[in-house]
>>> print(open('coords-v1.txt').read())   # compact mmCIF, C-alpha atoms and all ligand atoms
# COMPACT_ATOMS: atom_id res chain seq x y z
CA MET A 133 -43.70 -105.66 -13.53
CA LEU A 134 -45.55 -104.10 -16.40
CA ILE A 135 -47.52 -101.97 -13.92
CA LEU A 136 -44.48 -101.18 -11.71
CA LEU A 137 -42.27 -99.79 -14.51
CA PRO A 138 -44.32 -96.67 -15.31
CA ARG A 139 -44.64 -95.94 -11.57
CA LEU A 140 -40.84 -96.07 -11.23
CA LEU A 141 -40.51 -93.76 -14.23
CA VAL A 142 -42.99 -91.29 -12.75
CA THR A 143 -41.10 -91.26 -9.42
CA MET A 144 -37.77 -90.72 -11.19
CA LEU A 145 -39.26 -87.92 -13.28
CA ARG A 146 -40.70 -86.24 -10.15
CA ARG A 147 -37.28 -86.38 -8.46
CA ALA A 148 -35.57 -84.97 -11.57
CA VAL A 149 -38.05 -82.04 -11.68
CA PHE A 150 -37.55 -81.44 -7.91
CA TYR A 151 -33.73 -81.38 -8.20
CA PHE A 152 -33.94 -79.11 -11.27
CA LEU A 153 -36.15 -76.62 -9.44
CA ALA A 154 -33.92 -76.75 -6.33
CA LEU A 155 -30.81 -76.08 -8.43
CA ALA A 156 -32.53 -73.20 -10.28
CA LEU A 157 -33.57 -71.63 -6.96
CA LEU A 158 -30.01 -71.94 -5.61
CA ALA A 159 -28.65 -70.28 -8.78
CA VAL A 160 -31.09 -67.36 -8.36
CA LEU A 161 -30.06 -66.97 -4.68
CA ILE A 162 -26.32 -66.98 -5.52
CA GLU A 163 -26.84 -64.44 -8.35
CA GLY A 164 -28.79 -62.16 -5.95
CA GLN A 165 -26.05 -62.35 -3.34
CA GLN A 166 -23.39 -61.46 -5.93
CA GLN A 167 -25.42 -58.44 -7.11
CA ARG A 168 -25.87 -57.25 -3.50
CA SER A 169 -22.17 -57.49 -2.71
CA LYS A 170 -21.32 -55.62 -5.96
CA ARG A 171 -23.74 -52.84 -4.98
CA ALA A 172 -22.27 -52.69 -1.47
CA LYS A 173 -18.78 -52.34 -2.91
CA ARG A 174 -19.90 -49.58 -5.27
CA SER A 175 -21.62 -47.67 -2.48
CA SER A 176 -18.66 -47.94 -0.07
CA LYS A 177 -16.43 -46.61 -2.86
CA THR A 178 -18.80 -43.64 -3.31
CA HIS A 179 -18.68 -42.95 0.45
CA ALA A 180 -14.88 -43.05 0.37
CA GLN A 181 -14.83 -40.72 -2.62
CA ARG A 182 -17.32 -38.40 -0.90
CA ALA A 183 -15.22 -38.35 2.27
CA LYS A 184 -12.25 -37.24 0.19
CA HIS A 185 -14.16 -34.19 -1.11
CA LYS A 186 -15.85 -33.28 2.17
CA PRO A 187 -14.84 -29.75 3.26
CA ALA A 188 -12.41 -29.68 6.17
CA LYS A 189 -13.95 -29.02 9.57
CA PRO A 190 -13.54 -25.38 10.61
CA PRO A 191 -10.44 -24.82 12.72
CA ILE A 192 -12.42 -23.51 15.66
CA THR A 193 -12.40 -24.81 19.19
CA GLY A 194 -15.63 -26.56 20.16
CA PHE A 195 -17.51 -24.53 22.72
CA VAL A 196 -19.72 -27.34 23.98
CA THR A 197 -18.62 -26.83 27.59
CA ASP A 198 -20.98 -23.86 28.02
CA SER A 199 -22.96 -24.62 31.16
CA GLY A 200 -26.58 -23.81 31.79
CA GLY A 201 -26.17 -22.69 35.43
CA ARG A 202 -25.56 -19.26 36.88
CA GLU A 203 -22.22 -18.90 35.15
CA LEU A 204 -21.96 -15.99 32.73
CA ILE A 205 -19.88 -16.61 29.62
CA VAL A 206 -18.96 -13.88 27.15
CA ARG A 207 -17.09 -14.73 23.98
CA LEU A 208 -15.58 -12.04 21.83
CA LEU A 209 -15.34 -14.09 18.65
CA ASP A 210 -12.30 -13.93 16.40
CA ILE A 211 -14.32 -12.88 13.38
CA GLY A 212 -11.79 -10.79 11.44
CA GLN A 213 -12.24 -7.03 10.96
CA GLY A 214 -15.59 -6.57 12.71
CA ASP A 215 -17.43 -7.37 15.93
CA ALA A 216 -19.31 -10.48 17.07
CA THR A 217 -20.05 -11.24 20.71
CA TYR A 218 -21.87 -14.25 22.14
CA ILE A 219 -23.23 -14.10 25.70
CA ARG A 220 -24.60 -17.09 27.60
CA ASN A 221 -26.13 -17.14 31.07
CA GLY A 222 -28.39 -19.91 32.31
CA SER A 223 -30.49 -20.90 29.34
CA SER A 224 -30.41 -17.35 27.91
CA ARG A 225 -28.40 -16.56 24.82
CA VAL A 226 -27.58 -13.11 23.45
CA ILE A 227 -25.66 -12.13 20.32
CA ILE A 228 -24.34 -8.63 19.73
CA ASP A 229 -23.26 -8.17 16.07
CA GLY A 230 -22.24 -10.95 13.69
CA GLY A 231 -19.02 -9.77 12.05
CA PRO A 232 -18.42 -9.19 8.33
CA ASP A 233 -18.74 -12.72 6.97
CA PRO A 234 -21.73 -15.11 7.20
CA VAL A 235 -19.48 -18.13 6.50
CA ALA A 236 -17.09 -17.27 9.35
CA PHE A 237 -19.99 -16.49 11.70
CA GLY A 238 -21.70 -19.72 10.62
CA ARG A 239 -18.66 -21.71 11.77
CA TYR A 240 -19.08 -20.19 15.23
CA LEU A 241 -22.79 -21.02 15.21
CA ASP A 242 -21.71 -24.60 14.46
CA SER A 243 -19.06 -24.76 17.17
CA LEU A 244 -21.46 -23.25 19.70
CA ASN A 245 -24.09 -25.87 18.75
CA LEU A 246 -26.65 -23.16 18.07
CA ASP A 247 -28.59 -24.85 15.27
CA ASN A 248 -32.12 -25.76 16.43
CA SER A 249 -31.77 -23.36 19.38
CA THR A 250 -33.36 -20.12 20.54
CA ILE A 251 -31.38 -16.88 20.65
CA ASP A 252 -33.25 -14.66 23.09
CA VAL A 253 -31.86 -11.32 22.00
CA VAL A 254 -29.88 -10.22 18.96
CA ILE A 255 -28.56 -6.68 18.96
CA LEU A 256 -27.09 -5.00 15.91
CA SER A 257 -24.97 -2.16 17.30
CA HIS A 258 -25.14 -0.13 14.08
CA GLN A 259 -25.50 -0.55 10.35
CA HIS A 260 -22.01 -1.24 9.11
CA LEU A 261 -21.28 -4.45 7.23
CA ASP A 262 -18.53 -5.55 9.62
CA HIS A 263 -21.25 -5.79 12.31
CA TYR A 264 -24.42 -6.92 10.52
CA SER A 265 -23.35 -9.12 7.64
CA GLY A 266 -22.71 -12.33 9.61
CA LEU A 267 -26.10 -12.03 11.32
CA ARG A 268 -27.77 -13.10 8.06
CA GLU A 269 -26.58 -16.62 8.87
CA LEU A 270 -28.92 -16.71 11.89
CA PHE A 271 -31.87 -16.70 9.49
CA ARG A 272 -30.66 -19.49 7.21
CA THR A 273 -33.67 -21.82 7.14
CA SER A 274 -31.65 -25.02 7.49
CA ARG A 275 -30.28 -23.84 10.86
CA HIS A 276 -33.71 -23.67 12.51
CA ILE A 277 -32.58 -20.90 14.86
CA HIS A 278 -35.40 -19.10 16.63
CA VAL A 279 -34.69 -15.42 17.36
CA ARG A 280 -37.01 -13.91 19.96
CA TYR A 281 -35.96 -10.23 19.92
CA PHE A 282 -33.99 -8.36 17.30
CA LEU A 283 -32.91 -4.81 18.11
CA GLU A 284 -31.32 -2.24 15.81
CA ASN A 285 -31.74 1.48 15.18
CA LYS A 286 -33.68 0.93 11.92
CA ASP A 287 -32.05 3.99 10.30
CA PRO A 288 -32.44 4.02 6.51
CA ALA A 289 -29.41 2.50 4.82
CA PRO A 290 -28.76 1.69 1.16
CA ALA A 291 -26.84 -1.60 1.50
CA VAL A 292 -28.50 -4.51 -0.32
CA THR A 293 -27.15 -7.05 2.19
CA LEU A 294 -28.67 -5.06 5.06
CA ALA A 295 -31.97 -5.00 3.17
CA GLU A 296 -31.72 -8.81 2.92
CA LEU A 297 -31.20 -9.08 6.67
CA ARG A 298 -34.18 -6.81 7.31
CA ASP A 299 -36.33 -8.83 4.92
CA SER A 300 -35.48 -11.99 6.89
CA ILE A 301 -36.39 -10.24 10.15
CA LEU A 302 -39.70 -8.98 8.76
CA SER A 303 -40.68 -12.37 7.38
CA ARG A 304 -39.92 -13.98 10.76
CA MET A 305 -42.11 -11.34 12.41
CA ASP A 306 -44.99 -12.53 10.28
CA ARG A 307 -44.62 -16.25 10.84
CA ASP A 308 -42.30 -16.83 13.80
CA SER A 309 -43.38 -14.25 16.40
CA LEU A 310 -40.01 -12.47 16.29
CA ILE A 311 -40.18 -9.08 18.04
CA TYR A 312 -38.32 -6.37 16.10
CA ARG A 313 -37.42 -3.34 18.19
CA ASP A 314 -35.86 0.02 17.48
CA THR A 315 -32.91 0.75 19.76
CA ASP A 316 -34.06 4.40 19.87
CA ASP A 317 -36.94 3.04 21.97
CA PRO A 318 -35.50 -0.30 23.10
CA CYS A 319 -38.37 -1.33 25.40
CA SER A 320 -41.10 0.27 23.26
CA ASP A 321 -42.16 2.32 26.29
CA GLY A 322 -40.37 5.63 25.66
CA ARG A 323 -37.56 4.98 28.14
CA PRO A 324 -33.96 5.13 26.86
CA ILE A 325 -32.81 2.10 28.88
CA CYS A 326 -34.24 -1.38 28.39
CA THR A 327 -33.15 -4.03 30.87
CA ILE A 328 -33.20 -7.68 29.94
CA ALA A 329 -32.88 -10.35 32.63
CA MET A 330 -31.07 -13.55 31.69
CA THR A 331 -32.15 -16.79 33.37
CA GLY A 332 -28.87 -17.28 35.26
CA GLY A 333 -29.26 -13.89 36.97
CA ALA A 334 -27.19 -11.70 34.61
CA LYS A 335 -28.70 -8.48 33.25
CA LEU A 336 -28.30 -6.55 30.07
CA HIS A 337 -29.01 -2.81 29.83
CA ILE A 338 -29.65 -1.81 26.22
CA LEU A 339 -29.15 1.94 25.87
CA ALA A 340 -30.67 4.14 23.20
CA PRO A 341 -28.01 5.69 20.94
CA PHE A 342 -27.33 9.40 20.42
CA PRO A 343 -30.38 10.63 18.43
CA GLY A 344 -28.30 13.27 16.62
CA GLY A 345 -25.27 11.06 16.02
CA ASP A 346 -23.36 11.95 12.88
CA GLY A 347 -23.05 8.80 10.75
CA PRO A 348 -23.70 5.14 11.65
CA ASN A 349 -20.79 4.87 14.13
CA ASN A 350 -22.20 7.61 16.34
CA ARG A 351 -25.59 5.89 16.26
CA SER A 352 -24.14 2.78 17.94
CA THR A 353 -26.19 1.18 20.68
CA ALA A 354 -24.31 0.82 23.94
CA VAL A 355 -24.87 -2.24 26.11
CA LYS A 356 -23.95 -2.67 29.75
CA LEU A 357 -23.72 -6.30 30.82
CA ILE A 358 -23.98 -7.09 34.52
CA GLY A 359 -22.98 -10.49 35.88
CA PRO A 360 -25.27 -12.55 38.19
CA ASP A 361 -23.06 -11.21 40.97
CA SER A 362 -22.86 -7.56 39.93
CA ALA A 363 -19.85 -6.94 42.19
CA SER A 364 -17.95 -9.67 40.33
CA PHE A 365 -18.37 -8.65 36.74
CA THR A 366 -19.64 -5.87 34.48
CA MET A 367 -18.83 -5.02 30.87
CA TRP A 368 -19.45 -2.08 28.52
CA LEU A 369 -19.83 -2.56 24.77
CA ALA A 370 -20.60 0.40 22.54
CA GLY A 371 -20.10 -0.77 18.96
CA ASP A 372 -18.14 1.77 16.94
CA ALA A 373 -19.16 4.86 18.96
CA GLU A 374 -16.73 7.70 18.31
CA HIS A 375 -15.81 10.82 20.30
CA GLU A 376 -19.12 12.55 19.54
CA GLU A 377 -21.29 9.76 20.94
CA ILE A 378 -18.89 8.85 23.73
CA SER A 379 -19.20 12.35 25.18
CA TRP A 380 -22.98 12.18 24.67
CA PHE A 381 -23.13 8.96 26.78
CA ASP A 382 -21.67 11.06 29.58
CA SER A 383 -23.79 14.19 29.04
CA THR A 384 -27.06 12.29 28.66
CA GLY A 385 -26.53 10.71 32.06
CA TYR A 386 -25.53 7.12 31.24
CA SER A 387 -22.50 7.63 33.47
CA GLN A 388 -25.00 8.00 36.35
CA ASN A 389 -27.71 5.62 35.20
CA PRO A 390 -27.02 2.75 34.59
CA GLY A 391 -23.42 3.81 35.34
CA MET A 392 -20.51 3.23 33.00
CA ARG A 393 -17.95 1.88 35.46
CA VAL A 394 -17.09 -1.70 34.46
CA ASN A 395 -14.53 -4.47 34.81
CA VAL A 396 -14.12 -4.98 31.07
CA LEU A 397 -14.46 -2.47 28.23
CA LYS A 398 -14.83 -3.61 24.65
CA ALA A 399 -12.67 -1.12 22.77
CA ASP A 400 -14.99 1.10 20.73
CA HIS A 401 -14.46 1.02 16.97
CA HIS A 402 -11.89 -1.81 16.91
CA GLY A 403 -9.30 0.15 18.87
CA SER A 404 -9.52 3.31 16.76
CA CYS A 405 -8.22 6.49 18.36
CA ASN A 406 -11.63 8.09 17.63
CA GLY A 407 -13.26 5.49 19.90
CA VAL A 408 -11.52 6.45 23.14
CA THR A 409 -10.62 9.45 25.27
CA PRO A 410 -8.92 9.69 28.67
CA ARG A 411 -12.30 10.85 30.04
CA TYR A 412 -14.01 7.72 28.64
CA LEU A 413 -11.50 5.51 30.41
CA ALA A 414 -11.90 7.52 33.62
CA LEU A 415 -15.68 6.94 33.43
CA THR A 416 -15.48 3.24 32.57
CA GLY A 417 -12.41 2.46 34.72
CA PRO A 418 -11.83 -0.96 33.14
CA GLN A 419 -9.42 -3.56 34.47
CA TRP A 420 -9.24 -5.05 30.99
CA ILE A 421 -9.77 -3.87 27.42
CA VAL A 422 -10.83 -6.33 24.71
CA ALA A 423 -10.61 -5.28 21.07
CA SER A 424 -12.12 -7.02 18.04
CA LEU A 425 -10.30 -6.50 14.76
CA GLY A 426 -8.71 -8.21 11.77
CA VAL A 427 -4.99 -8.83 11.56
CA HIS A 428 -4.73 -7.08 8.19
CA ASN A 429 -6.98 -4.04 8.17
CA ALA A 430 -6.69 -0.90 6.09
CA PHE A 431 -7.70 1.37 8.96
CA GLY A 432 -4.49 1.04 10.97
CA HIS A 433 -6.37 -0.51 13.93
CA MET A 434 -5.35 -0.61 16.68
CA HIS A 435 -4.21 2.99 16.53
CA SER A 436 -1.07 3.91 18.45
CA GLN A 437 -2.89 6.82 20.12
CA ALA A 438 -5.62 4.49 21.44
CA LYS A 439 -3.07 2.07 22.88
CA LYS A 440 -1.32 5.01 24.53
CA ILE A 441 -4.58 6.05 26.25
CA TYR A 442 -5.29 2.47 27.40
CA ARG A 443 -1.74 2.17 28.71
CA ALA A 444 -1.94 5.49 30.54
CA ALA A 445 -5.11 4.28 32.27
CA GLY A 446 -3.32 1.11 33.35
CA ALA A 447 -5.69 -1.12 31.38
CA PRO A 448 -4.06 -4.10 29.61
CA TRP A 449 -5.68 -5.45 26.45
CA TYR A 450 -6.40 -8.60 24.55
CA ARG A 451 -7.15 -8.32 20.84
CA THR A 452 -8.84 -10.93 18.65
CA ASP A 453 -6.38 -10.54 15.74
CA GLN A 454 -3.46 -11.57 17.97
CA ASN A 455 -5.13 -13.46 20.83
CA GLY A 456 -7.95 -15.20 18.95
CA THR A 457 -11.36 -15.58 20.57
CA ILE A 458 -11.44 -14.03 24.05
CA THR A 459 -13.57 -15.79 26.67
CA ILE A 460 -14.74 -14.16 29.87
CA ARG A 461 -16.35 -16.24 32.60
CA SER A 462 -17.93 -15.19 35.86
CA PRO A 463 -19.30 -18.03 38.03
CA GLY A 464 -22.25 -16.02 39.33
CA THR A 465 -21.44 -16.76 42.96
CA VAL A 466 -20.97 -13.93 45.46
CA GLY A 467 -17.40 -12.71 45.22
CA GLY A 468 -16.70 -15.22 42.44
CA GLY A 469 -14.92 -12.61 40.31
CA PHE A 470 -14.24 -13.31 36.65
CA THR A 471 -11.59 -14.82 34.41
CA ILE A 472 -10.54 -13.61 30.99
CA THR A 473 -8.91 -16.17 28.74
CA PRO A 474 -7.58 -15.61 25.24
CA GLU A 475 -7.23 -18.45 22.74
CA ARG A 476 -3.58 -17.43 22.30
CA ALA A 477 -1.48 -15.91 25.09
CA GLY A 478 0.12 -12.47 25.32
CA THR A 479 -1.14 -9.12 26.64
CA ASP A 480 -0.77 -5.60 25.26
CA LEU A 481 0.31 -7.00 21.91
CA ASP A 482 0.86 -4.96 18.76
CA GLY A 483 -0.47 -6.07 15.39
CA PRO A 484 0.95 -5.70 11.86
CA SER A 485 -1.70 -3.14 10.86
CA ASP A 486 -1.27 -0.88 13.89
CA ARG A 487 -0.29 2.68 13.06
CA VAL A 488 -0.55 6.30 14.13
CA SER A 489 -3.79 7.81 12.83
CA ARG A 490 -3.80 11.27 11.25
CA GLN A 491 -7.53 11.80 11.61
CA PRO A 492 -8.80 14.95 13.30
CA GLY A 493 -9.62 14.59 16.97
CA CYS A 494 -6.83 12.13 17.64
CA ALA A 495 -3.63 13.23 19.34
CA THR A 496 -0.72 13.98 17.05
CA GLU A 497 2.34 12.05 18.06
ZN ZN A 501 -16.89 -1.69 12.87
>>> encode(input="coords-v1.txt", output="structure tokens")
Amino acid sequence: MLILLPRLLVTMLRRAVFYFLALALLAVLIEGQQQRSKRAKRSSKTHAQRAKHKPAKPPITGFVTDSGGRELIVRLLDIGQGDATYIRNGSSRVIIDGGPDPVAFGRYLDSLNLDNSTIDVVILSHQHLDHYSGLRELFRTSRHIHVRYFLENKDPAPAVTLAELRDSILSRMDRDSLIYRDTDDPCSDGRPICTIAMTGGAKLHILAPFPGGDGPNNRSTAVKLIGPDSASFTMWLAGDAEHEEISWFDSTGYSQNPGMRVNVLKADHHGSCNGVTPRYLALTGPQWIVASLGVHNAFGHMHSQAKKIYRAAGAPWYRTDQNGTITIRSPGTVGGGFTITPERAGTDLDGPSDRVSRQPGCATE
């Protein structure tokens, strides 16, 4: 009994220590769990608060349906007062001008899923802000967009934002193998016409601008786009070329080679009366006119005289300020034709800025 008592005490003490340790461990586990759930609550609150302040998604239709086959897709983007055209055929992508606003153009890059992609050819028609400014967004590092060829006329220009764009191009040349070409020699071989083949079978003729053009508009690079089935679809885009350069296109022989007759004409200079003549429409013979312009513009675009000439030639028009983005599709099959679809319906519409222009060279009404 005398020997048994201490043993019993030792056993009881051991048990007490065991239970104490077990309870302490349990308390630590419960405390940890409470801390974790508090943290989780805090973090979900932060997510909810963040969601509240997240900028609204841009109100632009998603363009993810672009196929990679033979189909040719041309989108005249509703970019405001300016020009921005996206062309897709097979795996080839071409951009002509980027509009006046990098933010607006960036939204289209988003909706077209162009981050982390390659743009084969970028063409700046001429050096006005409403054509080049948006293109700066292509070179935003976070987008990881690879541009293979960049073409522009490289004329000296004072604009700081254009200098920024050119700096981006030059730095890509150094580290990203971008090829920077002058539209005065678009293939770097002395010929005035450079032809680019897209992987779905479409072709792009890039035409050197009028060497003596007076001012940036008359130094616009013209582009003739030919669908994979050339009998189905062709298009002529000539930036902001005015009367002087338009008549030079004819006299220099572009009306013969590569030929100016097309299915769709992008209205020169946003539907200005100085961007069209009856002769120009006789040479191009378009079934459709598409014009890119802003709903409120100080220039009076589209000019009444221009609309009168389009009407007289029997060519209906869509315009981005009234119709939104205009999408042209040609399937690339023989005799497949083309479709032209505006975001918002209505042809031959007038806009609130439209007026008669008093500038010289335009008809007086
Ligand atoms: Zn313009």
>>> residues_around(input="coords-v1.txt", residues="Gly333 in chain A", least_positions_apart="6", cutoff="8 Å", atoms="all atoms listed in the file", output="PDB file with C-alpha atoms, keeping the file's coordinate frame")
ATOM      1  CA  ARG A 202     -25.560 -19.260  36.880  1.00  0.00           C
ATOM      2  CA  ASN A 221     -26.130 -17.140  31.070  1.00  0.00           C
ATOM      3  CA  GLY A 222     -28.390 -19.910  32.310  1.00  0.00           C
ATOM      4  CA  GLY A 359     -22.980 -10.490  35.880  1.00  0.00           C
ATOM      5  CA  PRO A 360     -25.270 -12.550  38.190  1.00  0.00           C
ATOM      6  CA  ASP A 361     -23.060 -11.210  40.970  1.00  0.00           C
ATOM      7  CA  GLY A 464     -22.250 -16.020  39.330  1.00  0.00           C
TER       8      GLY A 464
END
>>> residues_near_ligand(input="coords-v1.txt", ligand="ligand ZN 501 (chain A)", cutoff="8 Å", atoms="all atoms listed in the file", output="PyMOL selection string")
chain A and resi 213-215+260-263+349+371-372+401-402
>>> residues_around(input="coords-v1.txt", residues="Ile227 in chain A", least_positions_apart="5", cutoff="6 Å", atoms="all atoms listed in the file", output="ChimeraX atom specification")
/A:217-218,254
>>> closest_residue(input="coords-v1.txt", among="A:Gly344, A:Pro232, A:Gly332, A:Gly469", to="Gly201 in chain A", atoms="all atoms listed in the file")
A:Gly332
>>> closest_residue(input="coords-v1.txt", among="A:Thr315, A:Gln388, A:Ser265, A:Ser257", to="Leu369 in chain A", atoms="all atoms listed in the file")
A:Ser257
>>> decode(input="coords-v1.txt", residues="range 333-376 of chain A", atoms="C-alpha atoms", output="short mmCIF file (atom, residue, chain, number, x, y, z; two decimals), in the first residue's frame")
data_model
loop_
_atom_site.label_atom_id
_atom_site.label_comp_id
_atom_site.auth_asym_id
_atom_site.auth_seq_id
_atom_site.Cartn_x
_atom_site.Cartn_y
_atom_site.Cartn_z
CA GLY A 333 -5.71 34.05 -99.95
CA ALA A 334 -6.60 37.77 -99.74
CA LYS A 335 -4.12 40.34 -101.06
CA LEU A 336 -3.28 43.87 -100.13
CA HIS A 337 -1.73 46.33 -102.59
CA ILE A 338 0.00 49.16 -100.73
CA LEU A 339 0.44 52.11 -103.09
CA ALA A 340 3.03 54.84 -102.75
CA PRO A 341 1.42 58.26 -102.17
CA PHE A 342 1.73 61.34 -104.37
CA PRO A 343 5.37 62.47 -103.88
CA GLY A 344 4.44 66.14 -104.39
CA GLY A 345 1.24 66.03 -102.35
CA ASP A 346 0.42 69.33 -100.69
CA GLY A 347 -0.05 68.68 -96.95
CA PRO A 348 -0.47 65.40 -95.05
CA ASN A 349 -3.89 64.55 -96.56
CA ASN A 350 -2.50 64.50 -100.10
CA ARG A 351 0.34 62.26 -98.91
CA SER A 352 -2.14 59.53 -97.91
CA THR A 353 -1.23 55.97 -98.79
CA ALA A 354 -3.90 54.21 -100.82
CA VAL A 355 -4.58 50.52 -100.24
CA LYS A 356 -6.45 48.15 -102.52
CA LEU A 357 -7.74 45.06 -100.74
CA ILE A 358 -8.58 42.02 -102.84
CA GLY A 359 -10.61 39.15 -101.41
CA PRO A 360 -9.48 35.48 -101.67
CA ASP A 361 -11.95 35.30 -104.54
CA SER A 362 -11.08 38.53 -106.35
CA ALA A 363 -14.33 38.47 -108.33
CA SER A 364 -16.27 38.46 -105.05
CA PHE A 365 -14.76 41.36 -103.20
CA THR A 366 -12.39 44.31 -103.56
CA MET A 367 -12.07 47.52 -101.57
CA TRP A 368 -10.26 50.85 -101.95
CA LEU A 369 -9.07 52.85 -98.95
CA ALA A 370 -7.14 56.07 -99.44
CA GLY A 371 -6.99 57.78 -96.06
CA ASP A 372 -7.77 61.48 -96.35
CA ALA A 373 -6.62 61.92 -99.97
CA GLU A 374 -8.13 65.08 -101.44
CA HIS A 375 -8.79 66.20 -105.03
CA GLU A 376 -5.10 66.78 -105.77
#
